[in-house]
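K.L.:
Input structure: protein.csv, which contains CSV, C-alpha atoms.
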```
chain,number,residue,atom,x,y,z
A,86,MET,CA,-9.1,-107.5,16.4
A,87,GLY,CA,-6.9,-104.6,15.3
A,88,LYS,CA,-7.6,-102.5,12.3
A,89,CYS,CA,-5.2,-101.4,9.6
A,90,ASP,CA,-5.9,-98.2,7.7
A,91,PRO,CA,-5.2,-98.2,3.9
A,92,LYS,CA,-4.1,-94.6,4.4
A,93,VAL,CA,-1.2,-95.8,6.5
A,94,ASP,CA,-0.2,-98.1,3.7
A,95,GLN,CA,-0.3,-95.1,1.3
A,96,TYR,CA,1.7,-93.0,3.8
A,97,ILE,CA,4.4,-95.7,4.0
A,98,GLU,CA,4.4,-96.2,0.2
A,99,LYS,CA,5.0,-92.5,-0.4
A,100,SER,CA,7.8,-92.4,2.1
A,101,ALA,CA,11.5,-92.4,1.2
A,102,ASP,CA,13.0,-95.8,0.5
A,103,PHE,CA,15.1,-95.8,3.7
A,104,ALA,CA,12.0,-95.1,5.7
A,105,LYS,CA,9.7,-97.8,4.5
A,106,PRO,CA,11.3,-100.7,6.4
A,107,ILE,CA,11.5,-98.6,9.6
A,108,LEU,CA,7.8,-97.7,9.4
A,109,GLU,CA,6.7,-101.2,8.6
A,110,HIS,CA,8.8,-102.5,11.5
A,111,LEU,CA,7.3,-100.0,13.9
A,112,ARG,CA,3.9,-100.8,12.7
A,113,SER,CA,4.3,-104.5,13.2
A,114,LEU,CA,5.7,-104.0,16.7
A,115,VAL,CA,2.6,-101.9,17.7
A,116,HIS,CA,0.2,-104.6,16.3
A,117,GLU,CA,2.2,-107.3,18.1
A,118,ALA,CA,2.1,-105.5,21.4
A,119,CYS,CA,-1.6,-104.5,21.0
A,120,PRO,CA,-3.6,-106.7,18.7
A,121,GLU,CA,-6.7,-104.5,19.2
A,122,VAL,CA,-4.9,-101.4,18.0
A,123,GLU,CA,-6.5,-99.3,15.3
A,124,GLU,CA,-4.6,-97.1,12.9
A,125,ALA,CA,-5.6,-93.6,11.8
A,126,ILE,CA,-4.0,-90.7,10.0
A,127,LYS,CA,-4.1,-87.7,12.4
A,128,TRP,CA,-2.1,-84.5,11.8
A,129,ASN,CA,-1.0,-85.9,8.5
A,130,PHE,CA,0.9,-88.9,9.9
A,131,PRO,CA,0.1,-92.4,11.2
A,132,ASN,CA,-1.2,-92.7,14.8
A,133,PHE,CA,-2.0,-95.9,16.7
A,134,VAL,CA,-5.2,-95.8,18.8
A,135,TYR,CA,-6.4,-98.0,21.6
A,136,LYS,CA,-8.7,-96.4,24.1
A,137,GLY,CA,-7.0,-93.2,23.1
A,138,ILE,CA,-3.8,-92.4,21.2
A,139,LEU,CA,-0.9,-94.8,22.1
A,140,CYS,CA,1.8,-93.6,19.8
A,141,ASN,CA,2.6,-92.3,16.3
A,142,MET,CA,5.2,-92.4,13.7
A,143,ALA,CA,6.3,-90.1,10.8
A,144,SER,CA,8.8,-90.0,8.0
A,145,PHE,CA,10.7,-87.0,6.7
A,146,LYS,CA,13.2,-86.5,3.9
A,147,HIS,CA,16.2,-88.0,5.8
A,148,HIS,CA,14.8,-89.5,9.0
A,149,CYS,CA,11.8,-91.0,10.8
A,150,THR,CA,10.3,-90.4,14.2
A,151,PHE,CA,8.3,-92.5,16.7
A,152,GLY,CA,6.7,-91.1,19.8
A,153,PHE,CA,4.4,-92.0,22.6
A,154,TRP,CA,1.4,-89.9,23.5
A,155,LYS,CA,2.1,-90.4,27.2
A,156,ALA,CA,5.9,-90.5,27.0
A,157,PRO,CA,6.6,-89.0,30.4
A,158,LEU,CA,4.9,-92.0,32.0
A,159,ILE,CA,6.6,-94.5,29.8
A,160,LEU,CA,10.2,-93.3,29.2
A,161,ASP,CA,13.0,-91.7,31.2
A,162,SER,CA,12.4,-88.0,31.6
A,163,ASP,CA,15.4,-87.0,29.6
A,164,VAL,CA,14.0,-88.5,26.4
A,165,ALA,CA,10.3,-88.0,27.2
A,166,ASP,CA,10.3,-84.3,26.5
A,167,GLU,CA,11.4,-84.6,22.8
A,168,ALA,CA,8.9,-82.7,20.7
A,169,MET,CA,7.5,-85.3,18.4
A,170,GLY,CA,9.4,-88.5,18.8
A,171,GLN,CA,11.4,-89.8,21.8
A,172,PHE,CA,14.0,-91.8,19.8
A,173,GLY,CA,15.7,-89.0,17.9
A,174,LYS,CA,16.1,-89.0,14.2
A,175,ILE,CA,15.7,-92.6,13.1
A,176,THR,CA,17.5,-93.5,9.9
A,177,SER,CA,17.6,-97.3,10.3
A,178,ILE,CA,15.9,-100.0,12.4
A,179,SER,CA,19.2,-100.2,14.4
A,180,ASP,CA,18.6,-96.7,15.8
A,181,LEU,CA,15.7,-98.1,17.8
A,182,PRO,CA,15.9,-100.0,21.1
A,183,GLY,CA,15.5,-103.8,20.7
A,184,ASP,CA,12.1,-105.2,19.8
A,185,SER,CA,11.4,-106.6,23.3
A,186,VAL,CA,12.1,-103.1,24.8
A,187,MET,CA,9.9,-101.4,22.3
A,188,ILE,CA,7.1,-103.9,22.8
A,189,GLY,CA,7.4,-103.3,26.6
A,190,TYR,CA,7.0,-99.6,26.0
A,191,ILE,CA,4.0,-100.1,23.8
A,192,LYS,CA,2.4,-102.5,26.4
A,193,LYS,CA,2.9,-99.8,29.0
A,194,ALA,CA,1.1,-97.3,26.8
A,195,VAL,CA,-1.7,-99.8,26.4
A,196,GLU,CA,-1.9,-100.3,30.2
A,197,LEU,CA,-2.0,-96.5,30.8
A,198,ASN,CA,-4.9,-96.1,28.4
A,199,GLU,CA,-6.8,-99.0,29.8
A,200,LYS,CA,-6.6,-97.5,33.3
A,201,GLY,CA,-7.5,-94.1,32.0
A,202,ILE,CA,-4.3,-92.6,33.4
A,203,LYS,CA,-3.5,-89.1,32.0
A,204,VAL,CA,-0.1,-87.3,31.9
A,205,PRO,CA,-0.1,-84.9,34.8
A,206,LYS,CA,0.1,-81.3,33.7
A,207,LYS,CA,3.5,-79.8,34.1
A,208,ALA,CA,3.6,-77.6,37.2
A,209,SER,CA,4.2,-74.2,35.8
A,210,ALA,CA,7.6,-72.9,36.7
A,211,THR,CA,7.5,-70.3,39.5
A,212,LYS,CA,5.8,-67.3,38.0
A,213,LYS,CA,8.3,-64.6,37.2
A,214,LYS,CA,7.4,-61.6,39.2
A,215,LEU,CA,6.3,-58.8,36.9
A,216,ASP,CA,8.7,-55.9,37.2
A,217,ILE,CA,6.5,-52.8,37.3
A,218,PRO,CA,8.3,-49.4,37.2
A,219,ASN,CA,7.5,-47.1,40.1
A,220,TYR,CA,6.3,-44.3,37.8
A,221,PHE,CA,3.8,-46.7,36.3
A,222,MET,CA,2.2,-47.6,39.6
A,223,VAL,CA,2.3,-43.9,40.8
A,224,ALA,CA,0.2,-42.9,37.8
A,225,ILE,CA,-2.2,-45.9,38.1
A,226,ARG,CA,-2.8,-45.3,41.8
A,227,GLU,CA,-4.0,-41.7,41.1
A,228,ASN,CA,-7.1,-43.2,39.4
A,229,GLU,CA,-9.0,-45.6,41.7
A,230,SER,CA,-10.9,-47.2,38.8
A,231,ALA,CA,-7.7,-47.7,36.8
A,232,LEU,CA,-6.0,-49.3,39.8
A,233,ARG,CA,-9.0,-51.6,40.5
A,234,THR,CA,-9.0,-52.7,36.8
A,235,PHE,CA,-5.2,-53.2,36.7
A,236,ASN,CA,-5.3,-55.3,39.9
A,237,SER,CA,-8.0,-57.5,38.5
A,238,PHE,CA,-6.0,-58.3,35.4
A,239,SER,CA,-4.0,-61.5,34.9
A,240,ASN,CA,-0.2,-61.2,34.9
A,241,SER,CA,-0.2,-61.3,31.1
A,242,HIS,CA,-2.7,-58.5,30.7
A,243,LYS,CA,-0.8,-56.4,33.2
A,244,LYS,CA,2.5,-57.1,31.3
A,245,GLU,CA,1.0,-55.9,28.0
A,246,TYR,CA,0.4,-52.5,29.4
A,247,VAL,CA,3.6,-52.3,31.4
A,248,GLU,CA,5.8,-53.3,28.4
A,249,TRP,CA,3.9,-51.0,26.0
A,250,VAL,CA,4.7,-48.0,28.3
A,251,ALA,CA,8.2,-49.0,29.2
A,252,ASP,CA,9.2,-49.7,25.6
A,253,ALA,CA,8.6,-46.1,24.6
A,254,LYS,CA,11.8,-44.6,23.0
A,255,THR,CA,11.3,-41.1,24.5
A,256,GLU,CA,10.0,-39.7,27.7
A,257,GLU,CA,7.3,-37.8,25.9
A,258,THR,CA,6.0,-41.0,24.2
A,259,ARG,CA,6.2,-42.8,27.5
A,260,ASP,CA,4.1,-40.1,29.2
A,261,LYS,CA,1.5,-40.2,26.4
A,262,ARG,CA,1.3,-44.0,26.6
A,263,LEU,CA,1.0,-43.8,30.4
A,264,ALA,CA,-1.9,-41.3,30.1
A,265,THR,CA,-3.6,-43.6,27.6
A,266,THR,CA,-3.1,-46.6,29.9
A,267,VAL,CA,-4.7,-44.8,32.9
A,268,ARG,CA,-7.7,-43.8,30.7
A,269,ARG,CA,-8.2,-47.2,29.2
A,270,LEU,CA,-7.8,-48.9,32.6
A,271,SER,CA,-10.4,-46.6,34.1
A,272,GLU,CA,-12.7,-47.7,31.3
A,273,GLY,CA,-12.0,-51.3,32.2
A,274,LYS,CA,-10.2,-52.0,29.0
A,275,GLU,CA,-7.4,-54.5,28.3
A,276,ARG,CA,-4.4,-53.3,26.3
A,277,ASN,CA,-5.6,-54.9,23.1
A,278,TRP,CA,-9.3,-54.4,23.8
A,279,LYS,CA,-10.1,-53.7,20.1
A,280,TYR,CA,-9.1,-57.3,19.2
A,281,THR,CA,-10.8,-59.1,22.1
A,282,LYS,CA,-13.8,-61.2,21.1
A,283,LYS,CA,-17.0,-60.1,22.6
```
What would you get if you wrote out this structure as structure tokens?

P.N.:
Amino acid sequence: MGKCDPKVDQYIEKSADFAKPILEHLRSLVHEACPEVEEAIKWNFPNFVYKGILCNMASFKHHCTFGFWKAPLILDSDVADEAMGQFGKITSISDLPGDSVMIGYIKKAVELNEKGIKVPKKASATKKKLDIPNYFMVAIRENESALRTFNSFSNSHKKEYVEWVADAKTEETRDKRLATTVRRLSEGKERNWKYTKK
């Protein structure tokens, strides 16, 4: 048997008048599609949980949102990437797909959770090649230890040093930063080594 959370009742009660029927309608659709669903307030808004989070809803000053935790596996890709909700700014029940469509989506979310299917991680876009100025590499190569450290760094750590040197306003500043970079790299230090947790 499903479980209603009094905090969700309170959330709906505190929502704007236009939002209350929308939130109640969404809530009833979720309970109809998944009678075993449990409600919980997470991140300050109502979530519906069954073997993991299924979906959530929220109300704002002028609109509501509703979203699926595993949206990319339930909805078309053009709507699945919306930040919090996949149905845009909902200002009335008529902004939602029909009840049978919504129930179908919710049942799909239930099925995914029952099977333990996770949303595949997005393949990271092809890594942009770090553009390292020639003068930077010439200086690094003169110190074997600095070069070894630099080559062992992740792209983001390399970028921190490269951008710090390249962003210098004058050639004199650039040369000072480059010398500091070589010294710190030879000591095995990241650019922001002072702030790195030990």

K.L.:
Could you list, as a list in words, every residue within 6 Å of Gly170 (chain A), counting all atoms listed in the file and ignoring same-chain residues fewer than 4 positions away?

P.N.:
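Close residues of Gly170 (chain A): Thr150, Phe151 and Gly152 of chain A.
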
K.L.:
Set the distance at 12 Å and use all atoms listed in the file: which residues neighbour region 190-192 of chain A once local chain neighbours fewer than 2 positions away are removed? I'd like the list as a VMD selection string.

P.N.:
chain A and resid 111 to 122 133 to 135 138 to 141 151 to 161 171 182 to 188 194 to 199

K.L.:
Counting all atoms listed in the file, which of A:Gly137, A:Ile97, A:Leu232, A:Val247 gets nearest to Ile202 (chain A)?

P.N.:
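Closest to Ile202 (chain A) of all the choices is A:Gly137.
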
K.L.:
Could you please determine the separation between CA of Leu181 (chain A) and CA of Lys99 (chain A) in Å, to one decimal place?

P.N.:
21.8 Å

K.L.:
May I ask which of the residues A:Gly189, A:Pro91, A:Pro218, A:Pro106 is the closest one to Ser177 (chain A), counting all atoms listed in the file?

P.N.:
A:Pro106

K.L.:
Which residues come within 6 Å of region 254-271 of chain A, counting only C-alpha atoms, excluding same-chain residues fewer than 2 positions away, as a list in words?

P.N.:
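Final neighbour list, sorted by chain and number: Ile225, Ser230, Ala231, Thr234, Val250, Gly273 and Lys274 of chain A.
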
K.L.:
Using only C-alpha atoms, determine which residues lie at most 8 Å from Ile107 (chain A), disregarding the query and same-chain residues fewer than 5 positions distant; provide the list as a PyMOL selection string.

P.N.:
chain A and resi 149+176-178

K.L.:
Report the distance between CA of Val93 (chain A) and CA of Ile126 (chain A) in Å, rounded to one decimal place.

P.N.:
6.8 Å

K.L.:
In Å to one decimal, how far is CA of Ala251 (chain A) from CA of Ala224 (chain A)?

P.N.:
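That distance, rounded to one decimal, is 13.2 Å.
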
K.L.:
Could you name the residues that touch Asn240 (chain A) at 12 Å or less, counting only C-alpha atoms, but leaving out those on the same chain fewer than 5 positions away, as a PyMOL selection string?

P.N.:
chain A and resi 212-217+235+245-248+275

K.L.:
Determine the nearest neighbour of Ala143 (chain A) from the options A:Gly173, A:Gly201, A:Pro131, A:Gly87, counting all atoms listed in the file.

P.N.:
A:Pro131

K.L.:
Tell me which of A:Asn277, A:Ser241, A:Asn228, A:Gln95 sits closest to Glu109 (chain A), counting all atoms listed in the file.

P.N.:
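Result for the nearest residue to Glu109 (chain A): A:Gln95.
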
K.L.:
Considering only C-alpha atoms, state which residue in the set A:Lys200, A:Lys88, A:Lys136, A:Arg276 is at the smallest distance from Trp249 (chain A).

P.N.:
A:Arg276
